[in-house]
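One file, final20.cif, is given below (mmCIF, C-alpha atoms).
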data_input
loop_
_atom_site.label_atom_id
_atom_site.label_comp_id
_atom_site.auth_asym_id
_atom_site.auth_seq_id
_atom_site.Cartn_x
_atom_site.Cartn_y
_atom_site.Cartn_z
CA MET A 1 -28.97 49.60 11.32
CA VAL A 2 -30.59 46.61 9.72
CA THR A 3 -32.90 47.19 6.81
CA LYS A 4 -36.16 45.38 6.41
CA CYS A 5 -36.35 42.58 3.85
CA PRO A 6 -34.39 44.02 0.95
CA PRO A 7 -33.66 41.79 -2.05
CA PRO A 8 -31.38 38.88 -1.07
CA SER A 9 -28.19 40.04 -2.78
CA ALA A 10 -28.34 43.48 -1.29
CA GLU A 11 -29.40 42.08 2.05
CA GLN A 12 -26.13 40.35 2.68
CA GLU A 13 -24.08 43.47 2.32
CA MET A 14 -26.44 45.61 4.30
CA ALA A 15 -26.95 43.13 7.06
CA THR A 16 -23.25 42.52 7.40
CA ASP A 17 -22.42 46.15 7.59
CA GLY A 18 -25.19 46.98 9.96
CA SER A 19 -24.98 44.02 12.32
CA VAL A 20 -24.64 44.68 16.00
CA ILE A 21 -22.91 41.35 16.61
CA PRO A 22 -19.30 42.60 16.34
CA THR A 23 -19.89 45.34 18.87
CA LEU A 24 -21.85 43.12 21.19
CA VAL A 25 -19.33 40.31 21.12
CA SER A 26 -16.34 42.49 21.85
CA LYS A 27 -18.21 44.32 24.58
CA HIS A 28 -19.44 41.21 26.37
CA GLU A 29 -16.56 38.91 25.56
CA ALA A 30 -16.04 37.76 29.15
CA LYS A 31 -19.69 36.94 29.68
CA VAL A 32 -19.99 35.00 26.43
CA LEU A 33 -16.80 33.13 27.25
CA THR A 34 -18.01 32.01 30.65
CA SER A 35 -21.34 30.71 29.47
CA TRP A 36 -19.82 29.19 26.34
CA VAL A 37 -17.24 27.23 28.33
CA GLN A 38 -20.02 26.14 30.68
CA SER A 39 -22.14 24.83 27.86
CA GLN A 40 -19.17 22.98 26.44
CA ILE A 41 -18.54 21.36 29.78
CA ALA A 42 -22.23 20.54 30.04
CA PHE A 43 -22.00 18.79 26.69
CA GLY A 44 -19.19 16.68 28.06
CA SER A 45 -16.15 18.04 26.28
CA LEU A 46 -14.06 17.35 29.37
CA ARG A 47 -15.58 13.97 30.19
CA SER A 48 -13.15 11.90 28.22
CA GLY A 49 -10.30 13.59 30.07
CA GLN A 50 -8.23 14.34 27.00
CA ILE A 51 -8.03 18.03 27.82
CA LYS A 52 -8.20 20.01 31.05
CA GLU A 53 -10.65 22.79 31.83
CA ASP A 54 -7.88 25.39 31.74
CA GLU A 55 -6.90 24.31 28.29
CA LEU A 56 -10.47 24.41 27.07
CA LYS A 57 -10.87 27.89 28.54
CA ALA A 58 -7.68 29.09 26.90
CA GLN A 59 -8.74 27.67 23.54
CA SER A 60 -12.20 29.20 23.82
CA LYS A 61 -10.78 32.56 24.82
CA GLU A 62 -8.33 32.55 21.96
CA PHE A 63 -11.08 31.66 19.52
CA LEU A 64 -13.43 34.30 20.85
CA ARG A 65 -10.72 36.95 20.47
CA LEU A 66 -10.05 35.93 16.87
CA PHE A 67 -13.77 35.58 16.23
CA SER A 68 -14.57 39.12 17.29
CA GLU A 69 -11.60 40.37 15.29
CA GLY A 70 -12.96 38.59 12.26
CA LEU A 71 -16.41 40.00 12.88
CA LYS A 72 -15.03 43.50 13.15
CA SER A 73 -13.37 43.17 9.77
CA GLY A 74 -16.87 43.19 8.32
CA ALA A 75 -16.62 40.09 6.18
CA ILE A 76 -19.13 38.10 8.16
CA ASP A 77 -20.39 36.14 5.20
CA ASP A 78 -17.16 34.86 3.83
CA ILE A 79 -14.95 32.92 6.21
CA THR A 80 -12.48 32.31 3.41
CA ALA A 81 -11.67 36.02 3.42
CA PRO A 82 -8.18 37.06 4.59
CA ALA A 83 -9.68 38.65 7.69
CA TRP A 84 -10.59 35.17 8.93
CA SER A 85 -7.28 33.53 8.19
CA ALA A 86 -6.08 33.67 11.82
CA THR A 87 -9.37 32.12 12.95
CA ARG A 88 -9.13 29.42 10.30
CA ASP A 89 -5.57 28.57 11.29
CA MET A 90 -6.51 28.38 14.93
CA LEU A 91 -9.55 26.17 14.21
CA GLY A 92 -7.47 24.00 11.90
CA ASP A 93 -4.86 23.39 14.59
CA LEU A 94 -7.58 22.78 17.14
CA SER A 95 -9.45 20.16 15.12
CA ARG A 96 -6.22 18.47 14.06
CA SER A 97 -5.08 18.15 17.66
CA ARG A 98 -8.54 16.94 18.67
CA ALA A 99 -8.54 14.36 15.91
CA LEU A 100 -5.20 13.10 17.23
CA GLN A 101 -6.45 13.12 20.83
CA GLY A 102 -9.33 10.88 19.82
CA PHE A 103 -12.27 13.27 20.07
CA THR A 104 -15.41 12.25 18.19
CA PRO A 105 -16.49 14.40 15.24
CA SER A 106 -19.50 15.77 17.12
CA GLU A 107 -17.38 16.65 20.14
CA THR A 108 -15.06 18.57 17.88
CA ALA A 109 -17.84 20.38 16.03
CA THR A 110 -19.59 21.16 19.30
CA PHE A 111 -16.72 23.47 20.14
CA ILE A 112 -18.17 25.90 17.61
CA PHE A 113 -21.84 25.00 17.71
CA SER A 114 -22.11 25.35 21.46
CA MET A 115 -21.27 29.01 21.06
CA LYS A 116 -24.66 29.65 19.53
CA GLU A 117 -26.52 29.55 22.79
CA PRO A 118 -24.57 32.27 24.62
CA LEU A 119 -24.45 34.38 21.49
CA PHE A 120 -28.18 34.11 20.90
CA THR A 121 -28.87 34.89 24.54
CA LEU A 122 -26.74 37.97 24.22
CA LEU A 123 -28.61 39.02 21.10
CA ARG A 124 -31.97 38.42 22.74
CA GLN A 125 -31.01 40.58 25.67
CA HIS A 126 -29.81 43.48 23.57
CA VAL A 127 -32.14 43.47 20.61
CA LYS A 128 -35.28 42.97 22.62
CA ASP A 129 -37.70 45.27 20.92
CA ASP A 130 -37.29 44.61 17.25
CA ALA A 131 -38.27 41.04 16.43
CA GLU A 132 -37.30 41.41 12.82
CA GLN A 133 -33.86 42.69 13.63
CA LEU A 134 -33.40 39.92 16.17
CA GLY A 135 -34.25 37.36 13.52
CA GLU A 136 -31.82 38.97 11.13
CA GLU A 137 -29.00 39.03 13.65
CA ILE A 138 -29.57 35.44 14.66
CA TRP A 139 -29.54 34.42 11.04
CA ILE A 140 -26.18 36.15 10.51
CA ALA A 141 -24.71 34.57 13.63
CA THR A 142 -25.98 31.16 12.62
CA LYS A 143 -24.55 31.50 9.17
CA VAL A 144 -21.05 32.38 10.25
CA LEU A 145 -20.97 29.84 13.09
CA ASP A 146 -22.27 27.08 10.83
CA LYS A 147 -19.58 27.84 8.32
CA LEU A 148 -16.90 27.77 10.98
CA GLY A 149 -18.37 24.57 12.42
CA LEU A 150 -18.36 22.87 9.03
CA PHE A 151 -14.82 24.03 8.47
CA THR A 152 -13.84 22.44 11.77
CA ALA A 153 -15.52 19.20 10.83
CA GLU A 154 -13.80 19.21 7.46
CA VAL A 155 -10.34 19.69 8.95
CA TYR A 156 -11.14 17.00 11.51
CA GLN A 157 -12.11 14.58 8.75
CA GLN A 158 -9.03 15.49 6.77
CA SER A 159 -6.76 14.79 9.75
CA ARG A 160 -8.47 11.46 10.37
CA ASP A 161 -7.97 10.52 6.73
CA ASP A 162 -4.30 11.41 7.02
CA ILE A 163 -3.99 9.24 10.13
CA ILE A 164 -5.68 6.32 8.37
CA LYS A 165 -3.45 6.69 5.31
CA ARG A 166 -0.33 6.79 7.44
CA GLN A 167 -1.41 3.75 9.40
CA ALA A 168 -2.16 1.80 6.25
CA GLN A 169 1.30 2.66 4.97
CA GLU A 170 2.87 1.59 8.26
CA LEU A 171 0.91 -1.64 8.17
CA LEU A 172 2.15 -2.35 4.67
CA GLU A 173 5.73 -1.86 5.73
CA LEU A 174 5.27 -3.82 8.91
CA SER A 175 3.71 -6.84 7.36
CA THR A 176 6.01 -7.67 4.49
CA PRO A 177 9.41 -8.64 5.84
CA VAL A 178 11.69 -11.03 3.99
CA VAL A 179 13.82 -13.03 6.38
CA GLU A 180 17.07 -14.68 5.43
CA LEU A 181 16.88 -18.09 7.09
CA TRP A 182 19.98 -19.80 5.83
CA ASP A 183 22.37 -19.68 2.93
CA LYS A 184 20.20 -19.60 -0.24
CA ILE A 185 16.98 -19.87 1.79
CA VAL A 186 14.67 -16.95 2.52
CA ALA A 187 11.32 -16.91 4.31
CA VAL A 188 8.34 -14.60 3.94
CA PRO A 189 6.04 -14.76 6.96
CA LEU A 190 2.70 -13.36 5.82
CA ILE A 191 0.48 -11.79 8.45
CA GLY A 192 -3.04 -10.63 7.70
CA THR A 193 -5.22 -10.83 4.65
CA LEU A 194 -3.57 -10.69 1.25
CA ASP A 195 -5.06 -8.07 -1.03
CA SER A 196 -3.65 -7.06 -4.39
CA GLU A 197 -1.73 -4.11 -3.01
CA ARG A 198 -0.04 -6.19 -0.36
CA THR A 199 0.68 -9.00 -2.79
CA GLN A 200 2.38 -6.50 -5.04
CA MET A 201 4.48 -5.29 -2.12
CA VAL A 202 5.35 -8.81 -0.95
CA MET A 203 6.26 -9.80 -4.49
CA GLU A 204 8.53 -6.81 -5.01
CA ASN A 205 10.23 -7.28 -1.67
CA LEU A 206 10.72 -10.98 -2.21
CA LEU A 207 12.06 -10.67 -5.75
CA ASN A 208 14.44 -7.87 -4.85
CA HIS A 209 15.64 -9.94 -1.94
CA ILE A 210 16.16 -12.95 -4.18
CA VAL A 211 18.32 -10.84 -6.50
CA LYS A 212 20.28 -9.41 -3.59
CA SER A 213 20.90 -12.62 -1.70
CA GLY A 214 20.88 -15.09 -4.58
CA ALA A 215 18.37 -17.24 -2.75
CA GLU A 216 17.22 -20.44 -4.42
CA ILE A 217 14.36 -21.32 -2.14
CA ALA A 218 11.68 -19.06 -0.73
CA ILE A 219 9.43 -20.31 2.03
CA ILE A 220 6.11 -18.49 2.14
CA ASP A 221 4.58 -18.97 5.54
CA ILE A 222 0.84 -18.35 5.72
CA THR A 223 0.32 -19.13 9.41
CA GLY A 224 -0.77 -15.53 9.94
CA VAL A 225 -3.21 -15.42 7.04
CA PRO A 226 -6.67 -15.74 8.57
CA THR A 227 -8.53 -17.07 5.55
CA VAL A 228 -7.60 -18.42 2.16
CA ASP A 229 -10.16 -17.86 -0.56
CA THR A 230 -9.82 -17.99 -4.31
CA LEU A 231 -8.46 -14.45 -4.45
CA VAL A 232 -5.81 -15.04 -1.81
CA ALA A 233 -4.87 -18.29 -3.53
CA GLN A 234 -4.52 -16.47 -6.81
CA HIS A 235 -2.26 -13.91 -5.18
CA LEU A 236 -0.17 -16.68 -3.68
CA ILE A 237 0.14 -18.36 -7.06
CA LYS A 238 1.22 -15.07 -8.61
CA THR A 239 3.94 -14.64 -6.03
CA VAL A 240 5.13 -18.20 -6.50
CA SER A 241 5.17 -17.84 -10.29
CA ALA A 242 7.10 -14.58 -10.14
CA ALA A 243 9.70 -16.14 -7.84
CA ARG A 244 9.95 -19.11 -10.17
CA LEU A 245 10.63 -16.79 -13.11
CA MET A 246 13.52 -15.42 -11.12
CA GLY A 247 14.84 -18.93 -10.68
CA ALA A 248 13.77 -19.50 -7.10
CA ASP A 249 11.55 -22.33 -5.91
CA CYS A 250 8.79 -21.66 -3.44
CA ILE A 251 7.47 -23.75 -0.59
CA ILE A 252 4.25 -22.77 1.12
CA SER A 253 4.15 -23.54 4.82
CA GLY A 254 1.94 -22.93 7.80
CA ILE A 255 -1.22 -24.36 6.33
CA ARG A 256 -3.65 -24.87 9.18
CA PRO A 257 -6.08 -27.80 9.10
CA GLN A 258 -9.05 -25.56 8.43
CA ILE A 259 -7.25 -23.85 5.58
CA ALA A 260 -6.34 -27.23 4.08
CA GLN A 261 -10.04 -28.11 4.14
CA THR A 262 -11.02 -24.78 2.60
CA ILE A 263 -8.49 -25.20 -0.18
CA VAL A 264 -9.88 -28.62 -1.06
CA HIS A 265 -13.51 -27.52 -0.81
CA LEU A 266 -12.87 -24.57 -3.09
CA GLY A 267 -11.04 -26.83 -5.50
CA LEU A 268 -7.97 -24.61 -5.54
CA GLN A 269 -4.86 -25.84 -7.31
CA LEU A 270 -1.81 -24.29 -5.72
CA ASP A 271 0.64 -26.29 -7.85
CA VAL A 272 3.42 -25.79 -5.37
CA VAL A 273 5.00 -27.84 -2.64
CA SER A 274 3.26 -27.17 0.64
CA LYS A 275 4.16 -28.16 4.18
CA ALA A 276 2.22 -27.96 7.40
CA THR A 277 4.89 -26.19 9.38
CA MET A 278 7.77 -23.87 8.71
CA ALA A 279 10.13 -26.48 10.25
CA ASP A 280 9.13 -29.08 7.65
CA ALA A 281 9.51 -26.54 4.88
CA PHE A 282 12.93 -25.56 6.18
CA ALA A 283 14.04 -29.19 6.31
CA LEU A 284 12.98 -29.66 2.69
CA ALA A 285 14.72 -26.44 1.66
CA LEU A 286 17.95 -27.62 3.30
CA LYS A 287 17.68 -30.94 1.49
CA ARG A 288 17.08 -29.29 -1.86
CA THR A 289 20.00 -26.93 -1.50
CA GLY A 290 22.17 -29.85 -0.39
CA GLN A 291 22.82 -28.66 3.12
CA VAL A 292 22.66 -30.47 6.45
CA VAL A 293 22.34 -29.27 9.98
CA THR A 294 23.82 -31.64 12.53
CA ARG A 295 23.53 -31.79 16.27
CA THR A 296 26.82 -31.98 18.13
CA SER A 297 26.69 -34.87 20.56
CA ALA A 298 27.96 -32.96 23.55
CA LYS A 299 26.19 -29.87 24.74
CA PRO A 300 28.53 -26.89 25.02
CA ALA A 301 29.41 -26.28 28.64
CA MET B 302 21.40 -6.77 -40.16
CA GLU B 303 21.75 -7.07 -36.40
CA GLN B 304 22.33 -10.51 -35.06
CA ILE B 305 22.22 -12.14 -31.66
CA PRO B 306 25.48 -13.97 -30.91
CA ILE B 307 25.32 -17.59 -29.81
CA LEU B 308 28.33 -18.71 -27.80
CA LYS B 309 29.27 -22.25 -26.92
CA VAL B 310 30.20 -22.69 -23.29
CA GLY B 311 31.07 -26.24 -22.27
CA ARG B 312 28.16 -28.46 -23.17
CA CYS B 313 25.71 -25.68 -23.78
CA LEU B 314 24.98 -22.62 -25.89
CA LEU B 315 24.79 -19.18 -24.33
CA VAL B 316 22.43 -16.66 -25.93
CA SER B 317 22.45 -13.18 -24.48
CA ILE B 318 19.58 -11.02 -25.70
CA GLN B 319 20.54 -7.37 -25.36
CA ILE B 320 18.48 -5.61 -27.98
CA ASP B 321 14.78 -5.26 -28.64
CA MET B 322 13.39 -8.32 -30.32
CA HIS B 323 11.19 -8.18 -33.37
CA ASP B 324 9.70 -10.83 -35.63
CA LYS B 325 12.57 -11.10 -38.05
CA LEU B 326 15.21 -11.20 -35.35
CA ALA B 327 13.29 -13.88 -33.47
CA MET B 328 13.00 -16.01 -36.58
CA ALA B 329 16.70 -15.56 -37.30
CA LEU B 330 17.57 -16.48 -33.74
CA GLN B 331 15.47 -19.64 -33.91
CA ASP B 332 17.12 -20.57 -37.19
CA ASP B 333 20.64 -19.91 -35.92
CA LEU B 334 20.05 -21.65 -32.63
CA THR B 335 18.61 -24.85 -34.05
CA GLN B 336 21.39 -24.95 -36.62
CA LYS B 337 24.02 -24.42 -33.96
CA LEU B 338 22.44 -27.04 -31.70
CA VAL B 339 22.71 -29.60 -34.45
CA ASP B 340 26.23 -28.52 -35.47
CA THR B 341 27.74 -28.44 -32.00
CA ARG B 342 25.60 -31.18 -30.49
CA ALA B 343 25.16 -28.99 -27.43
CA ARG B 344 22.92 -30.39 -24.69
CA GLY B 345 21.69 -27.14 -23.22
CA VAL B 346 20.61 -23.62 -24.11
CA LEU B 347 21.12 -20.73 -21.70
CA ILE B 348 19.16 -17.59 -22.55
CA ASP B 349 20.24 -14.49 -20.68
CA ILE B 350 17.61 -11.75 -20.59
CA SER B 351 19.18 -9.60 -17.88
CA ALA B 352 19.50 -6.70 -20.32
CA LEU B 353 15.80 -6.66 -21.15
CA ASP B 354 13.66 -4.38 -19.07
CA LEU B 355 10.57 -5.20 -21.06
CA VAL B 356 9.36 -8.69 -21.82
CA ASP B 357 5.99 -8.96 -23.52
CA SER B 358 3.88 -11.85 -24.70
CA PHE B 359 5.83 -11.94 -27.97
CA ILE B 360 9.15 -12.56 -26.29
CA GLY B 361 7.45 -14.92 -23.85
CA ARG B 362 6.17 -17.01 -26.73
CA MET B 363 9.52 -16.90 -28.46
CA LEU B 364 11.19 -18.24 -25.32
CA SER B 365 8.61 -21.05 -25.12
CA ASN B 366 9.17 -21.88 -28.79
CA ILE B 367 12.92 -22.00 -28.38
CA ALA B 368 12.54 -24.26 -25.35
CA ALA B 369 10.23 -26.57 -27.29
CA MET B 370 12.59 -26.72 -30.28
CA ALA B 371 15.58 -27.38 -28.04
CA ARG B 372 13.70 -30.16 -26.32
CA VAL B 373 13.08 -31.85 -29.66
CA LEU B 374 16.85 -31.66 -30.29
CA ASP B 375 17.48 -33.18 -26.85
CA ALA B 376 18.68 -30.02 -25.17
CA GLN B 377 17.52 -28.33 -21.96
CA THR B 378 16.63 -24.62 -21.90
CA VAL B 379 17.19 -22.33 -18.95
CA VAL B 380 16.21 -18.65 -18.93
CA VAL B 381 18.38 -16.58 -16.61
CA GLY B 382 18.68 -13.05 -15.30
CA MET B 383 15.08 -11.95 -15.31
CA ARG B 384 14.59 -8.66 -13.49
CA PRO B 385 12.07 -8.48 -10.64
CA GLN B 386 9.91 -5.93 -12.45
CA VAL B 387 9.85 -8.12 -15.55
CA ALA B 388 8.83 -11.14 -13.50
CA ILE B 389 6.00 -9.18 -11.88
CA THR B 390 4.80 -7.89 -15.24
CA LEU B 391 4.83 -11.37 -16.76
CA VAL B 392 2.86 -12.79 -13.85
CA GLU B 393 0.35 -9.96 -14.08
CA LEU B 394 0.00 -10.74 -17.78
CA GLY B 395 -0.62 -14.38 -16.88
CA LEU B 396 2.53 -15.57 -18.65
CA THR B 397 4.27 -17.86 -16.23
CA LEU B 398 6.46 -19.52 -18.88
CA THR B 399 5.51 -23.01 -17.77
CA GLY B 400 7.83 -25.61 -19.18
CA ILE B 401 10.86 -23.36 -19.08
CA HIS B 402 13.52 -23.67 -16.42
CA THR B 403 14.71 -20.46 -14.84
CA ALA B 404 17.69 -19.40 -12.76
CA LEU B 405 18.83 -16.20 -11.12
CA ASP B 406 22.04 -15.61 -13.05
CA VAL B 407 24.30 -17.24 -15.63
CA ASP B 408 26.38 -18.91 -12.94
CA LYS B 409 23.39 -20.62 -11.33
CA GLY B 410 21.92 -21.29 -14.75
CA LEU B 411 25.03 -23.19 -15.84
CA ALA B 412 24.97 -25.25 -12.66
CA LEU B 413 21.29 -26.04 -13.19
CA ILE B 414 21.74 -26.93 -16.84
CA ASN B 415 24.61 -29.30 -16.04
CA ARG B 416 22.42 -30.94 -13.43
CA LEU B 417 19.57 -31.21 -15.92
CA ILE B 418 21.81 -32.69 -18.62
CA ASP B 419 23.05 -35.37 -16.23
CA ASP B 420 19.60 -36.10 -14.92
CA PRO B 421 16.90 -34.82 -17.29
CA ASP B 422 14.02 -35.93 -15.04
CA GLY B 423 15.41 -34.50 -11.84
CA GLY B 424 13.80 -31.16 -12.34
CA SER B 425 13.77 -30.41 -8.66
CA GLY B 426 16.54 -27.84 -8.93
CA ALA B 427 15.96 -24.14 -8.57
CA GLY B 428 13.22 -22.96 -10.83
CA GLY B 429 12.58 -26.40 -12.16
CA ALA B 430 9.20 -26.42 -13.81
CA GLN B 431 7.67 -29.76 -14.52
#
Starting from the file, lay out its structure as structure tokens.
Amino acid sequence: MVTKCPPPSAEQEMATDGSVIPTLVSKHEAKVLTSWVQSQIAFGSLRSGQIKEDELKAQSKEFLRLFSEGLKSGAIDDITAPAWSATRDMLGDLSRSRALQGFTPSETATFIFSMKEPLFTLLRQHVKDDAEQLGEEIWIATKVLDKLGLFTAEVYQQSRDDIIKRQAQELLELSTPVVELWDKIVAVPLIGTLDSERTQMVMENLLNHIVKSGAEIAIIDITGVPTVDTLVAQHLIKTVSAARLMGADCIISGIRPQIAQTIVHLGLQLDVVSKATMADAFALALKRTGQVVTRTSAKPA
Amino acid sequence: MEQIPILKVGRCLLVSIQIDMHDKLAMALQDDLTQKLVDTRARGVLIDISALDLVDSFIGRMLSNIAAMARVLDAQTVVVGMRPQVAITLVELGLTLTGIHTALDVDKGLALINRLIDDPDGGSGAGGAQ
């Protein structure tokens, strides 16, 4: 059984080999499961309604099975060992799916941490007499559960990061369309704040489109840009200059009254024709490319 | 020695740069071009850089110089065929080639240059930089 206070390095091996936890857990699996699920429910894992009780039970049962298998393998200290790979996979899937379902980090980590209580109770009941051994066993249990809990949190964080990255990418694609308005006239409706990455994207899209369509005039509409500061203005100027190098003229449209005031207050020089509305800009573009749109007198029947 | 050909097309001279420029070549080009401008009494210079996938500050300055020289000899300069990546790089470098007219391709460049020759102040055409 457990030895008394040997040197730390030896202790790990000895304690791991001699622990009663594997036997206890596999013997009282059902009991641990019931009280574990209860404590999870008490914490509010079901409150948000993302998963049902049955599902939670199934997940807990599956984990407990893998957990006791991992414990039996003897490598209690090292959850990166091959014996724990099934457990790690299962926890990884679990935290990924919880991240997608919108669980909070603490809710996700609680899945593991809430197992401490039933496990400690079990230990207290069965290792009653030897306080030192009880302490040892609890320490081992804490160690392995903490590691698993941290692993869960890490995977959760990782999945959230992936989601954020994907969304940022989607946003980039969403927000930089180049619209062909008329022969030789394209429009770029900008939505959202212009940062350097987006400017780069807008610029590339616009220039490639100019090459493809042979456009002579590009209307940059900034109705959807919430604020124009010196940086945004600089990005706009860059885009305009790049288009000019390609032989296309730019018109900036959609300047709201407040933005006009900001531009003047900041003393920004846009050096480009600007119009209040896209319609005005379009009219000018038609004039410059020598085109007219006429209204037929009679409405079509 | 390698040389950049200068072709006369209608009222203007067409220069197509297809090899890497260096000091000597740039000087030779400026010499040839000014000479040719005087000889042919051309009114416009069309510089095609569609074959260049790298334009640095040196070439940028050379283009500005050529434009300035042509202006003194009463000719308009239009740079055509810049690639999108080149345009982005130039803008990032802060070289916006102010004072040079630009057009998308040779076809549009010719149209622009003819317009500019007829009406030198009407720089409102595509890429017209005042």
- Dump as a count of residues only the residues of chain A that approach chain B to within 7 Å, counting all atoms listed in the file. 14
Which residues match the PyMOL selection byres ((chain A and resi 263) around 12) in the file above, as a PDB file with C-alpha atoms, keeping the file's coordinate frame?
ATOM      1  CA  THR A 227      -8.530 -17.070   5.550  1.00  0.00           C
ATOM      2  CA  VAL A 228      -7.600 -18.420   2.160  1.00  0.00           C
ATOM      3  CA  ASP A 229     -10.160 -17.860  -0.560  1.00  0.00           C
ATOM      4  CA  THR A 230      -9.820 -17.990  -4.310  1.00  0.00           C
ATOM      5  CA  LEU A 231      -8.460 -14.450  -4.450  1.00  0.00           C
ATOM      6  CA  VAL A 232      -5.810 -15.040  -1.810  1.00  0.00           C
ATOM      7  CA  ALA A 233      -4.870 -18.290  -3.530  1.00  0.00           C
ATOM      8  CA  GLN A 234      -4.520 -16.470  -6.810  1.00  0.00           C
ATOM      9  CA  ILE A 255      -1.220 -24.360   6.330  1.00  0.00           C
ATOM     10  CA  ARG A 256      -3.650 -24.870   9.180  1.00  0.00           C
ATOM     11  CA  PRO A 257      -6.080 -27.800   9.100  1.00  0.00           C
ATOM     12  CA  GLN A 258      -9.050 -25.560   8.430  1.00  0.00           C
ATOM     13  CA  ILE A 259      -7.250 -23.850   5.580  1.00  0.00           C
ATOM     14  CA  ALA A 260      -6.340 -27.230   4.080  1.00  0.00           C
ATOM     15  CA  GLN A 261     -10.040 -28.110   4.140  1.00  0.00           C
ATOM     16  CA  THR A 262     -11.020 -24.780   2.600  1.00  0.00           C
ATOM     17  CA  VAL A 264      -9.880 -28.620  -1.060  1.00  0.00           C
ATOM     18  CA  HIS A 265     -13.510 -27.520  -0.810  1.00  0.00           C
ATOM     19  CA  LEU A 266     -12.870 -24.570  -3.090  1.00  0.00           C
ATOM     20  CA  GLY A 267     -11.040 -26.830  -5.500  1.00  0.00           C
ATOM     21  CA  LEU A 268      -7.970 -24.610  -5.540  1.00  0.00           C
ATOM     22  CA  GLN A 269      -4.860 -25.840  -7.310  1.00  0.00           C
ATOM     23  CA  LEU A 270      -1.810 -24.290  -5.720  1.00  0.00           C
ATOM     24  CA  ASP A 271       0.640 -26.290  -7.850  1.00  0.00           C
ATOM     25  CA  SER A 274       3.260 -27.170   0.640  1.00  0.00           C
TER      26      SER A 274
END
- Item | Matched chain/residue IDs from the PyMOL selection byres ((chain A and resi 182-198) around 7), as a list of chain:residue names |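 Those residues are A:Leu172, A:Ser175, A:Thr176, A:Pro177, A:Val178, A:Val179, A:Glu180, A:Leu181, A:Thr199, A:Gln200, A:Met201, A:Val202, A:Gly214, A:Ala215, A:Glu216, A:Ile217, A:Ala218, A:Ile219, A:Ile220, A:Asp221, A:Ile222, A:Gly224, A:Val225, A:Pro226, A:Val232, A:Ala285.
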Generate a file of the selected residues that holds C-alpha atoms, formatted as an mmCIF file, in the coordinates of the input.
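Output file again_19.cif follows:
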data_model
loop_
_atom_site.group_PDB
_atom_site.id
_atom_site.type_symbol
_atom_site.label_atom_id
_atom_site.label_comp_id
_atom_site.auth_asym_id
_atom_site.auth_seq_id
_atom_site.Cartn_x
_atom_site.Cartn_y
_atom_site.Cartn_z
ATOM 1 C CA LEU A 172 2.150 -2.350 4.670
ATOM 2 C CA SER A 175 3.710 -6.840 7.360
ATOM 3 C CA THR A 176 6.010 -7.670 4.490
ATOM 4 C CA PRO A 177 9.410 -8.640 5.840
ATOM 5 C CA VAL A 178 11.690 -11.030 3.990
ATOM 6 C CA VAL A 179 13.820 -13.030 6.380
ATOM 7 C CA GLU A 180 17.070 -14.680 5.430
ATOM 8 C CA LEU A 181 16.880 -18.090 7.090
ATOM 9 C CA THR A 199 0.680 -9.000 -2.790
ATOM 10 C CA GLN A 200 2.380 -6.500 -5.040
ATOM 11 C CA MET A 201 4.480 -5.290 -2.120
ATOM 12 C CA VAL A 202 5.350 -8.810 -0.950
ATOM 13 C CA GLY A 214 20.880 -15.090 -4.580
ATOM 14 C CA ALA A 215 18.370 -17.240 -2.750
ATOM 15 C CA GLU A 216 17.220 -20.440 -4.420
ATOM 16 C CA ILE A 217 14.360 -21.320 -2.140
ATOM 17 C CA ALA A 218 11.680 -19.060 -0.730
ATOM 18 C CA ILE A 219 9.430 -20.310 2.030
ATOM 19 C CA ILE A 220 6.110 -18.490 2.140
ATOM 20 C CA ASP A 221 4.580 -18.970 5.540
ATOM 21 C CA ILE A 222 0.840 -18.350 5.720
ATOM 22 C CA GLY A 224 -0.770 -15.530 9.940
ATOM 23 C CA VAL A 225 -3.210 -15.420 7.040
ATOM 24 C CA PRO A 226 -6.670 -15.740 8.570
ATOM 25 C CA VAL A 232 -5.810 -15.040 -1.810
ATOM 26 C CA ALA A 285 14.720 -26.440 1.660
#
- Work out how far CA of Val373 (chain B) is from CA of Asp340 (chain B), in Å to one decimal.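 Answer for the CA of Asp340 (chain B) to CA of Val373 (chain B) separation: 14.8 Å.
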- Query: Could you spell out the hits of the PyMOL selection byres ((chain A and resi 91) around 12) on the shown file, as a PyMOL selection string?
  - Reply: chain A and resi 59-60+62-64+66-67+79+84-90+92-99+108-109+111-112+147-156
- Item | B:Arg344, B:Arg372, B:Lys325, B:Arg362 ranked by distance to Ile418 (chain B), top pick (using all atoms listed in the file) |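 Among the listed residues, B:Arg344 lies closest to Ile418 (chain B).
Straight-line separation from CA of Leu326 (chain B) to CA of Gln304 (chain B): 7.2 Å.
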- region 40-44 of chain A environment, 12 Å, all atoms listed in the file, sequence neighbours closer than 6 positions dropped, as a list in words: Leu33, Thr34, Gln50, Ile51, Lys52, Glu53, Asp54, Leu56, Lys57, Gln59, Ser60, Phe103, Thr104, Ser106, Glu107, Thr108, Ala109, Thr110, Phe111, Ile112, Phe113, Ser114, Met115, Lys116, Glu117 and Pro118 of chain A
- Would you kindly identify which residues have an atom no farther than 12 Å from (22.1, -28.5, -35.4), using only C-alpha atoms and the file's own coordinates, and write them out as a ChimeraX atom specification? /B:314,331-344,370-371,373-376
- Item | CA of Glu55 (chain A) to CA of Leu122 (chain A), straight-line distance in Å | 24.4 Å
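Nearest to Leu315 (chain B) of all the residues B:Val407, B:Ile360, B:Ala369, B:Leu330 is B:Val407, based on only C-alpha atoms.
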- Message: Can you tell me which residues surround Cys313 (chain B) at a distance of at most 6 Å, considering only C-alpha atoms, apart from same-chain residues fewer than 2 positions away, and format the answer as number ranges by chain?
- Response: B: 309-311, 343-346
